[in-house]
There are 2 protein chains.
Amino acid sequence: MQLATDRLSATFQALADPTRRAILARLALGETSVSELASPFKMSMPAVSKHLKVLEHAGLISRSRDAQMRPCKIEAQALKQADDWLEEYRRLWEQRLDRLEDYLRAVQIQAKTAQTETAQAEETKAAKPKGKGKSRGRKK
Amino acid sequence: MQLATDRLSATFQALADPTRRAILARLALGETSVSELASPFKMSMPAVSKHLKVLEHAGLISRSRDAQMRPCKIEAQALKQADDWLEEYRRLWEQRLDRLEDYLRAVQIQAKTAQTETAQAEETKAAKPKGKGKSRGRKK
DNA sequence: CTTGTATTTAACCAGAAGGTTATTTAACTG
DNA sequence: CAGTTAAATAACCTTCTGGTTAAATACAAG
């Protein structure tokens, strides 16, 4: 059905659909049948079956057999891989507050300066510095 | 270009492509131009431009202007949203070992019960770590 | 062996994704 | 102004996605 791309791409791809995320949410509560997984949705069974195939291909679920039923089980390892990828970027949002503080501090200083030099503030715009000076400021 | 689905779907969708993840990896090092972002790939500029549009639509990057250049910057909040979603499932892989331990302990008790129906209660008590104070934090 | 139940497969469809080349827009430069 | 650079847009193509209905499979129970 889908391309044989890498595992991580397949995982994110699988998570990119609300129906599939809802299925995973249900499976987080415990193993269950395809019919029960399908019941909350108004789509046809084959459609759900396809979603399950996508999830299985991504390693997010596994299936066993119980009479006519094919119970699905969530497989957390694939989710962990996605989490591991995000881990690399965690600092980017965890440092956010610190940077906001830096920014606010800078603004405060600027405000104080502006109090004494109000007139020149407008002129600065016209007095464009040469070349790639980039007076646009706060470029880390 | 892409569907106007919910933000989380758009984010996971954006992350489901290796090229886009590579772009984000580069942007994690700092803001840069489209040309530089495109340079590692053998695809055309319009292709990269499309990838950037997908990332921007998902809120994963933002763009500013600097002369002819349109520098891209990573936006960590969208990544955090993905991480928050995964957070709900974290216990599934973090508790895995604990549950395996529980299972093995149960099997052991069963085996012993089958052998001799004598004093295994004390052993169980001794072996049990008691409480789930493992506090396996989410930060590595 | 026939029927019912649970689920998958087959065939098909519209629209999205990801790529291409050619053209256009935007901003600096001489 | 004309020319160059950086990037986006337009038009087009192929493959993938997510859904459909109809038919097939696997199993259990009469």
# chains A, B, ... in the order shown; residues from 1 in each chain; ligands from 1

$ select_by_dssp --residues "range 13-108 of chain A" --states "strand (DSSP E or B)" --output "PDB file with N, CA and C atoms, in the first residue's frame"
ATOM      1  N   THR A  32      -8.028  -4.909  21.662  1.00  0.00           N
ATOM      2  CA  THR A  32      -9.438  -5.092  21.293  1.00  0.00           C
ATOM      3  C   THR A  32      -9.594  -5.468  19.824  1.00  0.00           C
ATOM      4  N   ILE A  61       1.211  -1.046  15.951  1.00  0.00           N
ATOM      5  CA  ILE A  61       0.326  -2.069  16.519  1.00  0.00           C
ATOM      6  C   ILE A  61       0.766  -3.448  16.039  1.00  0.00           C
ATOM      7  N   SER A  62       0.289  -4.457  16.730  1.00  0.00           N
ATOM      8  CA  SER A  62       0.487  -5.825  16.271  1.00  0.00           C
ATOM      9  C   SER A  62      -0.862  -6.527  16.370  1.00  0.00           C
ATOM     10  N   ARG A  63      -0.997  -7.636  15.663  1.00  0.00           N
ATOM     11  CA  ARG A  63      -2.275  -8.336  15.658  1.00  0.00           C
ATOM     12  C   ARG A  63      -2.065  -9.810  15.960  1.00  0.00           C
ATOM     13  N   ASP A  66      -7.935 -14.588  17.528  1.00  0.00           N
ATOM     14  CA  ASP A  66      -8.790 -15.138  18.581  1.00  0.00           C
ATOM     15  C   ASP A  66     -10.115 -15.474  17.906  1.00  0.00           C
ATOM     16  N   MET A  69     -11.873 -13.204  15.354  1.00  0.00           N
ATOM     17  CA  MET A  69     -11.378 -11.853  15.627  1.00  0.00           C
ATOM     18  C   MET A  69      -9.870 -11.732  15.472  1.00  0.00           C
ATOM     19  N   CYS A  72      -6.154  -6.245  18.140  1.00  0.00           N
ATOM     20  CA  CYS A  72      -5.005  -5.352  17.926  1.00  0.00           C
ATOM     21  C   CYS A  72      -4.440  -4.903  19.260  1.00  0.00           C
ATOM     22  N   LYS A  73      -3.147  -4.723  19.246  1.00  0.00           N
ATOM     23  CA  LYS A  73      -2.445  -4.337  20.473  1.00  0.00           C
ATOM     24  C   LYS A  73      -1.490  -3.200  20.116  1.00  0.00           C
ATOM     25  N   ILE A  74      -1.415  -2.210  20.971  1.00  0.00           N
ATOM     26  CA  ILE A  74      -0.511  -1.096  20.704  1.00  0.00           C
ATOM     27  C   ILE A  74       0.927  -1.539  20.979  1.00  0.00           C
TER      28      ILE A  74
END

$ interface_residues --of "chain A" --to "chain B" --cutoff "10 Å" --atoms "only C-alpha atoms" --output "VMD selection string"
chain A and resid 5 to 18 21 24 to 25 28 74 to 80 82 to 96 132 134 136 139 to 140

$ closest_atom_pairs --of "chain B" --to "chain D" --cutoff "10 Å" --atoms "only C-alpha atoms (C1' of nucleotides)" --output "Markdown table"
| residue | atom | partner | partner_atom | distance |
| --- | --- | --- | --- | --- |
| B:Ser33 | CA | D:DA6 | C1' | 9.0 |
| B:Val34 | CA | D:DA7 | C1' | 7.6 |
| B:Ser35 | CA | D:DA6 | C1' | 7.6 |
| B:Met45 | CA | D:DA7 | C1' | 8.3 |
| B:Pro46 | CA | D:DA8 | C1' | 7.7 |
| B:Ser49 | CA | D:DA8 | C1' | 7.6 |
| B:Lys50 | CA | D:DA8 | C1' | 9.4 |
| B:Ala67 | CA | D:DA6 | C1' | 8.8 |
| B:Gln68 | CA | D:DA6 | C1' | 5.1 |
| B:Met69 | CA | D:DA6 | C1' | 5.5 |
| B:Arg70 | CA | D:DA7 | C1' | 7.4 |

$ atom_distance --atom1 "CA of His51 in chain B" --atom2 "CA of Leu37 in chain B"
10.6 Å

$ atom_distance --atom1 "CA of Lys42 in chain B" --atom2 "CA of His57 in chain B"
23.5 Å

$ closest_atom_pairs --of "chain C" --to "chain B" --cutoff "7 Å" --atoms "only C-alpha atoms (C1' of nucleotides)" --output "CSV"
residue,atom,partner,partner_atom,distance
C:DA16,C1',B:Gln2,CA,6.4
C:DG19,C1',B:Ala47,CA,6.6
C:DA26,C1',B:Gln68,CA,6.9
C:DA27,C1',B:Gln68,CA,5.2

$ write_last_selection --atoms "C-alpha atoms (C1' of nucleotides)" --output "PDB file, in the first residue's frame"
ATOM      1  C1'  DA C  16      -3.147  15.256  -2.150  1.00  0.00           C
ATOM      2  C1'  DG C  19       8.799  16.030  -7.909  1.00  0.00           C
ATOM      3  C1'  DA C  26      11.379  40.918  -5.227  1.00  0.00           C
ATOM      4  C1'  DA C  27      15.439  43.189  -3.907  1.00  0.00           C
TER       5       DA C  27
END

$ select_by_dssp --residues "range 2-116 of chain B" --states "alpha helix (DSSP H)" --output "ChimeraX atom specification"
/B:7-15,18-28,34-38,45-57,76-87,90-94,96-115

$ atom_distance --atom1 "CA of Thr19 in chain B" --atom2 "CA of Val48 in chain A"
29.2 Å

$ decode --residues "range 11-27 of chain C" --atoms "all heavy atoms" --output "short mmCIF file (atom, residue, chain, number, x, y, z; two decimals), in the first residue's frame"
data_model
loop_
_atom_site.label_atom_id
_atom_site.label_comp_id
_atom_site.auth_asym_id
_atom_site.auth_seq_id
_atom_site.Cartn_x
_atom_site.Cartn_y
_atom_site.Cartn_z
P DA C 11 -8.37 -7.20 -8.93
OP1 DA C 11 -8.57 -8.17 -10.02
OP2 DA C 11 -7.02 -6.69 -8.60
"O5'" DA C 11 -9.33 -5.94 -9.19
"C5'" DA C 11 -10.75 -6.13 -9.16
"C4'" DA C 11 -11.44 -4.79 -9.28
"O4'" DA C 11 -11.54 -4.15 -7.98
"C3'" DA C 11 -10.72 -3.79 -10.19
"O3'" DA C 11 -11.68 -3.20 -11.04
"C2'" DA C 11 -10.09 -2.79 -9.21
"C1'" DA C 11 -11.13 -2.81 -8.09
N9 DA C 11 -10.62 -2.40 -6.77
C8 DA C 11 -9.40 -2.65 -6.23
N7 DA C 11 -9.23 -2.16 -5.01
C5 DA C 11 -10.45 -1.54 -4.74
C6 DA C 11 -10.92 -0.84 -3.63
N6 DA C 11 -10.20 -0.63 -2.53
N1 DA C 11 -12.19 -0.36 -3.68
C2 DA C 11 -12.92 -0.58 -4.79
N3 DA C 11 -12.57 -1.22 -5.91
C4 DA C 11 -11.32 -1.69 -5.82
P DC C 12 -11.23 -2.16 -12.20
OP1 DC C 12 -12.16 -2.40 -13.32
OP2 DC C 12 -9.77 -2.19 -12.40
"O5'" DC C 12 -11.61 -0.78 -11.53
"C5'" DC C 12 -12.97 -0.57 -11.12
"C4'" DC C 12 -13.03 0.64 -10.23
"O4'" DC C 12 -12.30 0.40 -9.01
"C3'" DC C 12 -12.44 1.92 -10.81
"O3'" DC C 12 -13.48 2.79 -11.17
"C2'" DC C 12 -11.61 2.50 -9.67
"C1'" DC C 12 -12.03 1.68 -8.47
N1 DC C 12 -11.01 1.59 -7.41
C2 DC C 12 -11.28 2.22 -6.19
O2 DC C 12 -12.34 2.81 -6.04
N3 DC C 12 -10.34 2.15 -5.20
C4 DC C 12 -9.20 1.49 -5.40
N4 DC C 12 -8.33 1.46 -4.40
C5 DC C 12 -8.91 0.83 -6.64
C6 DC C 12 -9.83 0.91 -7.60
P DC C 13 -13.13 4.10 -12.10
OP1 DC C 13 -14.29 4.29 -12.99
OP2 DC C 13 -11.77 3.96 -12.66
"O5'" DC C 13 -13.10 5.28 -11.05
"C5'" DC C 13 -14.23 5.50 -10.19
"C4'" DC C 13 -13.85 6.49 -9.11
"O4'" DC C 13 -12.97 5.84 -8.17
"C3'" DC C 13 -13.10 7.70 -9.65
"O3'" DC C 13 -13.87 8.88 -9.47
"C2'" DC C 13 -11.82 7.76 -8.82
"C1'" DC C 13 -12.07 6.80 -7.68
N1 DC C 13 -10.84 6.11 -7.21
C2 DC C 13 -10.36 6.33 -5.92
O2 DC C 13 -10.98 7.11 -5.18
N3 DC C 13 -9.24 5.70 -5.51
C4 DC C 13 -8.60 4.88 -6.35
N4 DC C 13 -7.50 4.27 -5.92
C5 DC C 13 -9.08 4.64 -7.67
C6 DC C 13 -10.19 5.27 -8.06
P DA C 14 -13.41 10.25 -10.20
OP1 DA C 14 -14.61 10.82 -10.84
OP2 DA C 14 -12.18 10.00 -10.99
"O5'" DA C 14 -13.03 11.16 -8.95
"C5'" DA C 14 -13.94 11.25 -7.85
"C4'" DA C 14 -13.26 12.01 -6.73
"O4'" DA C 14 -12.20 11.19 -6.18
"C3'" DA C 14 -12.60 13.32 -7.18
"O3'" DA C 14 -12.80 14.28 -6.15
"C2'" DA C 14 -11.15 12.95 -7.38
"C1'" DA C 14 -10.95 11.83 -6.34
N9 DA C 14 -9.99 10.80 -6.74
C8 DA C 14 -9.81 10.24 -7.97
N7 DA C 14 -8.88 9.31 -8.01
C5 DA C 14 -8.42 9.26 -6.71
C6 DA C 14 -7.43 8.47 -6.09
N6 DA C 14 -6.69 7.56 -6.73
N1 DA C 14 -7.22 8.67 -4.76
C2 DA C 14 -7.95 9.58 -4.12
N3 DA C 14 -8.92 10.38 -4.59
C4 DA C 14 -9.10 10.17 -5.91
P DG C 15 -12.22 15.76 -6.34
OP1 DG C 15 -13.22 16.67 -5.72
OP2 DG C 15 -11.77 15.95 -7.74
"O5'" DG C 15 -10.93 15.76 -5.41
"C5'" DG C 15 -11.05 15.39 -4.03
"C4'" DG C 15 -9.67 15.22 -3.45
"O4'" DG C 15 -9.00 14.09 -4.05
"C3'" DG C 15 -8.75 16.43 -3.68
"O3'" DG C 15 -8.01 16.60 -2.49
"C2'" DG C 15 -7.85 15.95 -4.82
"C1'" DG C 15 -7.70 14.49 -4.43
N9 DG C 15 -7.23 13.58 -5.47
C8 DG C 15 -7.61 13.53 -6.80
N7 DG C 15 -6.99 12.59 -7.47
C5 DG C 15 -6.15 11.99 -6.52
C6 DG C 15 -5.24 10.93 -6.66
O6 DG C 15 -4.97 10.27 -7.66
N1 DG C 15 -4.60 10.64 -5.47
C2 DG C 15 -4.81 11.30 -4.28
N2 DG C 15 -4.10 10.89 -3.22
N3 DG C 15 -5.66 12.29 -4.13
C4 DG C 15 -6.30 12.60 -5.29
P DA C 16 -7.33 17.99 -2.10
OP1 DA C 16 -8.07 18.59 -0.98
OP2 DA C 16 -7.08 18.76 -3.34
"O5'" DA C 16 -5.95 17.45 -1.52
"C5'" DA C 16 -6.00 16.41 -0.54
"C4'" DA C 16 -4.64 15.78 -0.43
"O4'" DA C 16 -4.40 14.94 -1.58
"C3'" DA C 16 -3.49 16.78 -0.37
"O3'" DA C 16 -2.59 16.32 0.64
"C2'" DA C 16 -2.89 16.72 -1.77
"C1'" DA C 16 -3.15 15.26 -2.15
N9 DA C 16 -3.27 14.97 -3.57
C8 DA C 16 -4.07 15.59 -4.50
N7 DA C 16 -3.99 15.09 -5.71
C5 DA C 16 -3.06 14.06 -5.57
C6 DA C 16 -2.52 13.14 -6.49
N6 DA C 16 -2.86 13.09 -7.79
N1 DA C 16 -1.61 12.25 -6.03
C2 DA C 16 -1.27 12.29 -4.74
N3 DA C 16 -1.70 13.11 -3.77
C4 DA C 16 -2.61 13.98 -4.26
P DA C 17 -1.27 17.13 0.99
OP1 DA C 17 -1.09 17.03 2.46
OP2 DA C 17 -1.32 18.45 0.33
"O5'" DA C 17 -0.13 16.26 0.30
"C5'" DA C 17 -0.07 14.87 0.59
"C4'" DA C 17 1.21 14.27 0.02
"O4'" DA C 17 1.03 14.03 -1.38
"C3'" DA C 17 2.43 15.17 0.15
"O3'" DA C 17 3.52 14.33 0.44
"C2'" DA C 17 2.53 15.84 -1.22
"C1'" DA C 17 1.99 14.75 -2.14
N9 DA C 17 1.27 15.19 -3.34
C8 DA C 17 0.39 16.22 -3.46
N7 DA C 17 -0.12 16.34 -4.67
C5 DA C 17 0.48 15.33 -5.38
C6 DA C 17 0.37 14.92 -6.72
N6 DA C 17 -0.43 15.51 -7.61
N1 DA C 17 1.10 13.86 -7.11
C2 DA C 17 1.89 13.25 -6.22
N3 DA C 17 2.08 13.54 -4.94
C4 DA C 17 1.33 14.60 -4.58
P DG C 18 4.93 14.94 0.88
OP1 DG C 18 5.53 14.00 1.84
OP2 DG C 18 4.69 16.35 1.24
"O5'" DG C 18 5.79 14.90 -0.46
"C5'" DG C 18 6.14 13.65 -1.03
"C4'" DG C 18 6.76 13.88 -2.37
"O4'" DG C 18 5.74 14.29 -3.30
"C3'" DG C 18 7.81 15.01 -2.38
"O3'" DG C 18 9.02 14.52 -2.92
"C2'" DG C 18 7.19 16.10 -3.25
"C1'" DG C 18 6.27 15.28 -4.14
N9 DG C 18 5.16 16.02 -4.74
C8 DG C 18 4.38 16.98 -4.15
N7 DG C 18 3.47 17.47 -4.95
C5 DG C 18 3.66 16.79 -6.15
C6 DG C 18 2.99 16.89 -7.38
O6 DG C 18 2.05 17.65 -7.68
N1 DG C 18 3.51 16.01 -8.33
C2 DG C 18 4.55 15.15 -8.11
N2 DG C 18 4.91 14.38 -9.13
N3 DG C 18 5.19 15.04 -6.96
C4 DG C 18 4.71 15.89 -6.02
P DG C 19 10.37 15.40 -2.82
OP1 DG C 19 11.45 14.49 -2.40
OP2 DG C 19 10.08 16.61 -2.02
"O5'" DG C 19 10.58 15.87 -4.33
"C5'" DG C 19 11.12 14.98 -5.28
"C4'" DG C 19 10.57 15.24 -6.66
"O4'" DG C 19 9.15 15.49 -6.65
"C3'" DG C 19 11.09 16.48 -7.40
"O3'" DG C 19 12.40 16.27 -7.88
"C2'" DG C 19 10.09 16.55 -8.55
"C1'" DG C 19 8.80 16.03 -7.91
N9 DG C 19 7.77 17.05 -7.73
C8 DG C 19 7.44 17.71 -6.58
N7 DG C 19 6.46 18.56 -6.73
C5 DG C 19 6.14 18.48 -8.08
C6 DG C 19 5.16 19.18 -8.85
O6 DG C 19 4.36 20.04 -8.46
N1 DG C 19 5.19 18.79 -10.18
C2 DG C 19 6.04 17.86 -10.72
N2 DG C 19 5.92 17.62 -12.03
N3 DG C 19 6.95 17.19 -10.02
C4 DG C 19 6.95 17.56 -8.71
P DT C 20 13.27 17.54 -8.42
OP1 DT C 20 14.67 17.09 -8.55
OP2 DT C 20 12.95 18.71 -7.58
"O5'" DT C 20 12.65 17.81 -9.88
"C5'" DT C 20 12.73 16.80 -10.89
"C4'" DT C 20 11.90 17.21 -12.09
"O4'" DT C 20 10.53 17.42 -11.66
"C3'" DT C 20 12.32 18.53 -12.71
"O3'" DT C 20 13.31 18.31 -13.69
"C2'" DT C 20 11.02 19.05 -13.32
"C1'" DT C 20 9.93 18.43 -12.46
N1 DT C 20 9.24 19.39 -11.55
C2 DT C 20 8.19 20.13 -12.04
O2 DT C 20 7.81 20.06 -13.19
N3 DT C 20 7.61 20.97 -11.13
C4 DT C 20 7.95 21.14 -9.82
O4 DT C 20 7.34 21.93 -9.09
C5 DT C 20 9.07 20.35 -9.37
C7 DT C 20 9.55 20.45 -7.95
C6 DT C 20 9.66 19.52 -10.24
P DT C 21 14.28 19.53 -14.13
OP1 DT C 21 15.36 18.95 -14.96
OP2 DT C 21 14.60 20.32 -12.92
"O5'" DT C 21 13.34 20.45 -15.04
"C5'" DT C 21 12.79 19.92 -16.27
"C4'" DT C 21 11.91 20.97 -16.91
"O4'" DT C 21 10.87 21.35 -15.96
"C3'" DT C 21 12.63 22.27 -17.28
"O3'" DT C 21 12.16 22.72 -18.55
"C2'" DT C 21 12.26 23.23 -16.17
"C1'" DT C 21 10.85 22.75 -15.81
N1 DT C 21 10.47 23.02 -14.39
C2 DT C 21 9.32 23.70 -14.12
O2 DT C 21 8.59 24.14 -14.98
N3 DT C 21 9.05 23.88 -12.78
C4 DT C 21 9.79 23.44 -11.72
O4 DT C 21 9.45 23.65 -10.57
C5 DT C 21 11.00 22.72 -12.08
C7 DT C 21 11.88 22.18 -11.01
C6 DT C 21 11.27 22.53 -13.38
P DA C 22 12.85 24.00 -19.22
OP1 DA C 22 12.93 23.69 -20.67
OP2 DA C 22 14.07 24.39 -18.47
"O5'" DA C 22 11.73 25.11 -19.01
"C5'" DA C 22 10.38 24.80 -19.31
"C4'" DA C 22 9.50 26.01 -19.06
"O4'" DA C 22 9.20 26.10 -17.65
"C3'" DA C 22 10.13 27.36 -19.43
"O3'" DA C 22 9.12 28.21 -19.95
"C2'" DA C 22 10.68 27.86 -18.10
"C1'" DA C 22 9.61 27.35 -17.14
N9 DA C 22 10.08 27.13 -15.77
C8 DA C 22 11.24 26.52 -15.36
N7 DA C 22 11.39 26.46 -14.06
C5 DA C 22 10.24 27.07 -13.57
C6 DA C 22 9.79 27.33 -12.26
N6 DA C 22 10.47 26.99 -11.15
N1 DA C 22 8.60 27.97 -12.12
C2 DA C 22 7.93 28.31 -13.23
N3 DA C 22 8.25 28.12 -14.51
C4 DA C 22 9.43 27.48 -14.62
P DT C 23 9.48 29.74 -20.40
OP1 DT C 23 8.73 29.97 -21.64
OP2 DT C 23 10.96 29.93 -20.36
"O5'" DT C 23 8.83 30.64 -19.25
"C5'" DT C 23 7.46 30.40 -18.89
"C4'" DT C 23 7.10 31.20 -17.65
"O4'" DT C 23 7.81 30.67 -16.51
"C3'" DT C 23 7.45 32.69 -17.74
"O3'" DT C 23 6.28 33.43 -17.47
"C2'" DT C 23 8.54 32.86 -16.66
"C1'" DT C 23 8.17 31.75 -15.69
N1 DT C 23 9.28 31.28 -14.81
C2 DT C 23 9.10 31.34 -13.44
O2 DT C 23 8.09 31.76 -12.92
N3 DT C 23 10.16 30.88 -12.70
C4 DT C 23 11.35 30.38 -13.17
O4 DT C 23 12.23 29.99 -12.40
C5 DT C 23 11.48 30.34 -14.61
C7 DT C 23 12.75 29.81 -15.23
C6 DT C 23 10.45 30.78 -15.35
P DT C 24 6.32 35.06 -17.44
OP1 DT C 24 4.99 35.53 -17.88
OP2 DT C 24 7.57 35.52 -18.08
"O5'" DT C 24 6.41 35.35 -15.87
"C5'" DT C 24 5.50 34.68 -15.00
"C4'" DT C 24 5.66 35.20 -13.58
"O4'" DT C 24 6.79 34.56 -12.95
"C3'" DT C 24 5.87 36.71 -13.47
"O3'" DT C 24 5.04 37.18 -12.43
"C2'" DT C 24 7.35 36.83 -13.13
"C1'" DT C 24 7.60 35.55 -12.34
N1 DT C 24 8.99 35.00 -12.38
C2 DT C 24 9.59 34.64 -11.19
O2 DT C 24 9.06 34.75 -10.11
N3 DT C 24 10.86 34.13 -11.33
C4 DT C 24 11.57 33.96 -12.50
O4 DT C 24 12.70 33.49 -12.49
C5 DT C 24 10.87 34.36 -13.71
C7 DT C 24 11.56 34.21 -15.03
C6 DT C 24 9.63 34.86 -13.59
P DT C 25 4.85 38.76 -12.19
OP1 DT C 25 3.40 38.96 -12.07
OP2 DT C 25 5.67 39.51 -13.17
"O5'" DT C 25 5.48 38.99 -10.75
"C5'" DT C 25 5.06 38.17 -9.67
"C4'" DT C 25 6.06 38.27 -8.55
"O4'" DT C 25 7.30 37.66 -8.96
"C3'" DT C 25 6.39 39.70 -8.13
"O3'" DT C 25 6.11 39.79 -6.75
"C2'" DT C 25 7.87 39.85 -8.45
"C1'" DT C 25 8.34 38.41 -8.40
N1 DT C 25 9.56 38.05 -9.16
C2 DT C 25 10.60 37.45 -8.49
O2 DT C 25 10.59 37.23 -7.30
N3 DT C 25 11.68 37.12 -9.29
C4 DT C 25 11.81 37.32 -10.64
O4 DT C 25 12.83 36.99 -11.23
C5 DT C 25 10.68 37.94 -11.28
C7 DT C 25 10.72 38.21 -12.75
C6 DT C 25 9.61 38.27 -10.52
P DA C 26 6.16 41.22 -5.98
OP1 DA C 26 5.19 41.12 -4.87
OP2 DA C 26 6.07 42.30 -6.99
"O5'" DA C 26 7.62 41.27 -5.35
"C5'" DA C 26 8.02 40.21 -4.50
"C4'" DA C 26 9.44 40.44 -4.04
"O4'" DA C 26 10.35 39.98 -5.07
"C3'" DA C 26 9.77 41.92 -3.80
"O3'" DA C 26 10.32 42.00 -2.50
"C2'" DA C 26 10.77 42.27 -4.90
"C1'" DA C 26 11.38 40.92 -5.23
N9 DA C 26 11.86 40.73 -6.59
C8 DA C 26 11.22 41.03 -7.76
N7 DA C 26 11.90 40.70 -8.84
C5 DA C 26 13.07 40.14 -8.33
C6 DA C 26 14.20 39.60 -8.96
N6 DA C 26 14.36 39.52 -10.28
N1 DA C 26 15.18 39.12 -8.17
C2 DA C 26 15.04 39.20 -6.84
N3 DA C 26 14.01 39.69 -6.14
C4 DA C 26 13.06 40.15 -6.96
P DA C 27 10.66 43.41 -1.85
OP1 DA C 27 10.38 43.27 -0.40
OP2 DA C 27 10.04 44.49 -2.65
"O5'" DA C 27 12.23 43.49 -2.04
"C5'" DA C 27 13.05 42.50 -1.42
"C4'" DA C 27 14.46 42.66 -1.89
"O4'" DA C 27 14.54 42.31 -3.29
"C3'" DA C 27 15.00 44.09 -1.78
"O3'" DA C 27 16.22 44.03 -1.06
"C2'" DA C 27 15.22 44.52 -3.22
"C1'" DA C 27 15.44 43.19 -3.91
N9 DA C 27 15.15 43.17 -5.34
C8 DA C 27 14.06 43.67 -6.00
N7 DA C 27 14.09 43.52 -7.30
C5 DA C 27 15.29 42.86 -7.52
C6 DA C 27 15.92 42.41 -8.70
N6 DA C 27 15.39 42.54 -9.91
N1 DA C 27 17.11 41.79 -8.56
C2 DA C 27 17.64 41.65 -7.34
N3 DA C 27 17.14 42.03 -6.15
C4 DA C 27 15.96 42.64 -6.32
#
